[in-house]
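Asks: This structure is in structure tokens; I'll ask about it shortly.
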Amino acid sequence: MTLNYIAGEWLAASNAVPNVNPSNTSDVVGEFAQASAADVERAIDAAFDAFRAWSHSTIQTRHDCLNAIAAEILSRKEELGRLLSREEGKTLPEGIGEVTRAGQIFQFFAGECLRLPGEKLPSVRAGVDVEITREPVGVVGLITPWNFPVAIPAWKIAPALACGNTVVFKPAELVPGSAHALTEIISRAGIPPGVFNLVMGRGSVVGEAMLKNIKIAAISFTGSTSTGEHIAQSCTTAHPMKKVQLEMGGKNPMVVLDDADLNVAIECAVNSAFFSTGQRCTASSRFIVTDGVHDDFVAAMAERMKSLVVDDACRAGTHIGPVVDQRQLDQDLSYIRLGQDEGAKLVAGGELLSRDMPGFYLFPALFAEVDNRMRIAREEIFGPVATVIRARNYENALEIANDTPFGLSSGICTSSLKYASHFKRNAQAGMIMVNLPTAGVDYHVPFGGRKGSSYGPREQGRYAAEFYTTVKTSYSFGGNI
Ligand code: ADP
């Protein structure tokens, strides 16, 4: 059985749950300890006690620790990628790619340890100096989802540690294996006991215990909108209030104009909507296609989808792995039924598949004749289910693209500089993609959205410091000579 990691020790818990491979539900990846509220309290106490020393550690120490983590992740990327794919269901190349990304993130933030900037400004008063410095916020609670079980924890843990915070990490219930493997690596990197703690278990137990504890100064969360709203409320009604950063849902549009290169648009669309089984917050689920190319786009998509291989995530040649679990599969299927009930036309896919092993296999679904007011066009499904919405022209397409409660990523396929430039200025989203899939981002630049997708400062790149530090303004008067 794998264990929680608290105060530099691996601790057993009274409860354990099996972790099942979604490609083959008879394959149990492992038994994972479930932390109790008392375990969580112990982890938070350990992080609280370790904060003073870690916040004063040298930037060289932090750099070396993060670099050691990066090196081990990268040297074991095939093995860790396989574990990730076995546990979460994304394909092996996607799993290895995600682990590689996590290693690069730790490498990037190892460098950032050495680059945390401050400012020195003249004062408006004679003889006075003003310095603006950044300090760590304290114990940070990191609550993460199952869809990127290594990369999302990495892009929260790395900047948290780089900035001198101590960490209590609560991974999603479905992916404890990846969290455990990452923690083992962190435990070997020279970080003092208590600086980093892993508590696995249910959101309602472990997550809630973190929200209630006054020793946690900040919570960074990625997950569903409803949980995110609950976390924001808990953090802002706590005494003292907690700093909070939320990454939540998306209903990302991809506009396709008459002048687009159709091959580019189809590849962007298939990647955006269906790769990683559509289980990415940056996935595109609304293709907004102008009249002149609409019918060709729908026909070409249906044709292209015929070549997609849905199978065991770890099998060579699989393009799309299984849905993560029964609950998510039920949700995908219920939206597919809802789309038909709402009057949309299912032009391709949407059926359950049987494979050699028992697993959650769903062929991606494409709906046409979708009205942007339909629930399948407004609500996040989080599966391989996409819609095509007809637009009269560019202006109409932009209006539909922005008509959503979300604002994470927004794409356009066009060969026109005029429309691409206008779209970059007017699309209401945190990330804009021109002739690229809506998903797939760099690790050295900010990630995040607006409207219902995100709350608080951006993640990743040097912008991450905004959340993981607090600003101090110091005034000094040296005296008159
Ligand atoms: P999903 O429905 O995709 O699993 P959630 O938002 O429920 O998304 O889960 C994201 C993360 O939030 C998980 O780690 C989960 O355990 C955690 N979580 C769920 N409920 C709570 C809660 N009440 N308090 C804190 N964390 C929670």
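By convention in this document, the chains of the structure tokens carry letters A, B, ... by their order, each chain's residues are numbered from 1, and ligands are numbered from 1 in the order they are shown.
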Compute the set of protein, DNA and RNA residues whose minimum atom distance to ligand 1 is at most 6 Å, using only C-alpha atoms and all ligand atoms, and state it as a PDB file with C-alpha atoms, in the first residue's frame.

Replies:
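Saved as pocket_35.pdb:
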ATOM      1  CA  ILE A 143      -5.757  20.934  -4.578  1.00  0.00           C
ATOM      2  CA  THR A 144      -5.508  19.346  -7.997  1.00  0.00           C
ATOM      3  CA  PRO A 145      -7.686  17.447 -10.520  1.00  0.00           C
ATOM      4  CA  PRO A 171      -4.172  15.237  -5.358  1.00  0.00           C
ATOM      5  CA  ALA A 172      -7.416  14.051  -6.957  1.00  0.00           C
ATOM      6  CA  GLU A 173      -8.895  10.762  -5.765  1.00  0.00           C
ATOM      7  CA  ARG A 202     -11.537  12.623  -0.552  1.00  0.00           C
ATOM      8  CA  GLY A 203     -12.223  16.278  -1.256  1.00  0.00           C
ATOM      9  CA  SER A 204     -14.949  16.324   1.363  1.00  0.00           C
ATOM     10  CA  GLY A 207      -9.885  19.221   1.031  1.00  0.00           C
ATOM     11  CA  GLU A 208     -12.339  20.478   3.625  1.00  0.00           C
ATOM     12  CA  GLY A 223     -11.000  21.508 -10.847  1.00  0.00           C
ATOM     13  CA  SER A 224     -14.693  21.945 -11.412  1.00  0.00           C
ATOM     14  CA  THR A 227     -15.941  23.043  -6.177  1.00  0.00           C
TER      15      THR A 227
END

Asks: For Gln233 of chain A, find every residue with an atom within 10 Å (counting only C-alpha atoms), except residues of its own chain fewer than 5 positions away, and show them as a list in words.

Replies: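 Residues near the query, excluding close chain neighbours: Leu211, Thr227, Gly228, Ala238, Met241 and Val244 of chain A.
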
Asks: Leaving out Arg315 of chain A and any residue of its chain fewer than 3 positions from it, which residues lie within 8 Å of it when counting only C-alpha atoms, given as a compact mmCIF listing (two decimals) with C-alpha atoms, in the first residue's frame?

Replies:
# COMPACT_ATOMS: atom_id res chain seq x y z
CA THR A 91 -2.25 7.69 -24.40
CA LEU A 92 1.34 6.73 -23.67
CA ASP A 311 -8.20 1.77 -27.41
CA ASP A 312 -6.04 0.86 -24.41
CA THR A 318 -3.98 4.36 -29.88

Asks: As a PyMOL selection string, please: every residue in segment 158-208 of chain A that a backbone DSSP assignment puts in strand (DSSP E).

Replies: chain A and resi 166-170+196-198

Asks: Hey, which of A:Ile381, A:Cys163, A:Ile6, A:Leu353 ends up closest to Gln328 of chain A? Count only C-alpha atoms.

Replies: A:Ile381

Asks: Select from segment 162-219 of chain A everything DSSP, run on the backbone, classes as helix (DSSP H, G or I), then give the selection as a list of chain:residue names.

Replies: A:Ala162, A:Pro176, A:Gly177, A:Ser178, A:Ala179, A:His180, A:Ala181, A:Leu182, A:Thr183, A:Glu184, A:Ile185, A:Ile186, A:Ser187, A:Gly203, A:Ser204, A:Val205, A:Val206, A:Gly207, A:Glu208, A:Ala209, A:Met210, A:Leu211, A:Lys212

Asks: Write a file of the selected residues as a PDB file, in the first residue's frame, keeping C-alpha atoms.

Replies:
ATOM      1  CA  ALA A 162      10.739  28.307  -5.430  1.00  0.00           C
ATOM      2  CA  PRO A 176      -2.924   8.850  -6.285  1.00  0.00           C
ATOM      3  CA  GLY A 177      -0.256   6.759  -8.047  1.00  0.00           C
ATOM      4  CA  SER A 178       1.170   9.703  -9.979  1.00  0.00           C
ATOM      5  CA  ALA A 179       1.006  11.918  -6.883  1.00  0.00           C
ATOM      6  CA  HIS A 180       2.804   9.283  -4.843  1.00  0.00           C
ATOM      7  CA  ALA A 181       5.550   8.862  -7.459  1.00  0.00           C
ATOM      8  CA  LEU A 182       6.060  12.618  -7.678  1.00  0.00           C
ATOM      9  CA  THR A 183       6.237  12.855  -3.883  1.00  0.00           C
ATOM     10  CA  GLU A 184       8.867  10.107  -3.708  1.00  0.00           C
ATOM     11  CA  ILE A 185      11.004  12.139  -6.082  1.00  0.00           C
ATOM     12  CA  ILE A 186      10.471  15.327  -4.067  1.00  0.00           C
ATOM     13  CA  SER A 187      11.312  13.443  -0.846  1.00  0.00           C
ATOM     14  CA  GLY A 203     -12.223  16.278  -1.256  1.00  0.00           C
ATOM     15  CA  SER A 204     -14.949  16.324   1.363  1.00  0.00           C
ATOM     16  CA  VAL A 205     -12.498  15.124   4.053  1.00  0.00           C
ATOM     17  CA  VAL A 206      -8.962  16.145   3.090  1.00  0.00           C
ATOM     18  CA  GLY A 207      -9.885  19.221   1.031  1.00  0.00           C
ATOM     19  CA  GLU A 208     -12.339  20.478   3.625  1.00  0.00           C
ATOM     20  CA  ALA A 209      -9.799  20.020   6.424  1.00  0.00           C
ATOM     21  CA  MET A 210      -7.398  22.220   4.452  1.00  0.00           C
ATOM     22  CA  LEU A 211     -10.019  24.901   3.861  1.00  0.00           C
ATOM     23  CA  LYS A 212     -10.895  25.056   7.557  1.00  0.00           C
TER      24      LYS A 212
END

Asks: From the set A:Leu116, A:Val298, A:Ala269, A:Ala46, which residue has the shortest atom-to-atom contact distance to Val168 of chain A, counting only C-alpha atoms?

Replies: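 Distance minimum relative to Val168 of chain A lands on A:Ala46.
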
Asks: Can you tell me which residues surround segment 157-159 of chain A at a distance of at most 7 Å, considering only C-alpha atoms, apart from same-chain residues fewer than 4 positions away, and format the answer as number ranges by chain?

Replies: A: 106, 109, 153, 163, 464-465, 468

Asks: From the set A:Ala386, A:Val323, A:Ile214, A:Ile132, which residue has the shortest atom-to-atom contact distance to Pro117 of chain A, counting only C-alpha atoms?

Replies: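 Answer, going by the shortest atom-to-atom distance: A:Ile132.
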
Asks: At what distance in Å, to one decimal, does atom CA of Pro93 of chain A lie from atom CA of Phe196 of chain A?

Replies: 29.1 Å

Asks: Determine, counting only C-alpha atoms, which protein, DNA and RNA residues have an atom within 8 Å of an atom of Ser220 of chain A; residues of the same chain fewer than 3 positions away are not included. Present the result as a ChimeraX atom specification.

Replies: /A:140-143,156,244-246

Asks: Looking at only C-alpha atoms, which of A:Tyr475, A:Phe108, A:Phe32, A:Phe382 is the one that sits closest to Arg327 of chain A?

Replies: A:Phe382

Asks: Of the candidates A:Tyr455, A:Gly321, A:Lys120, A:Gln279, which one gets nearest to Phe467 of chain A if we count only C-alpha atoms?

Replies: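 Comparing A:Tyr455, A:Gly321, A:Lys120, A:Gln279 against Phe467 of chain A, the winner is A:Tyr455.
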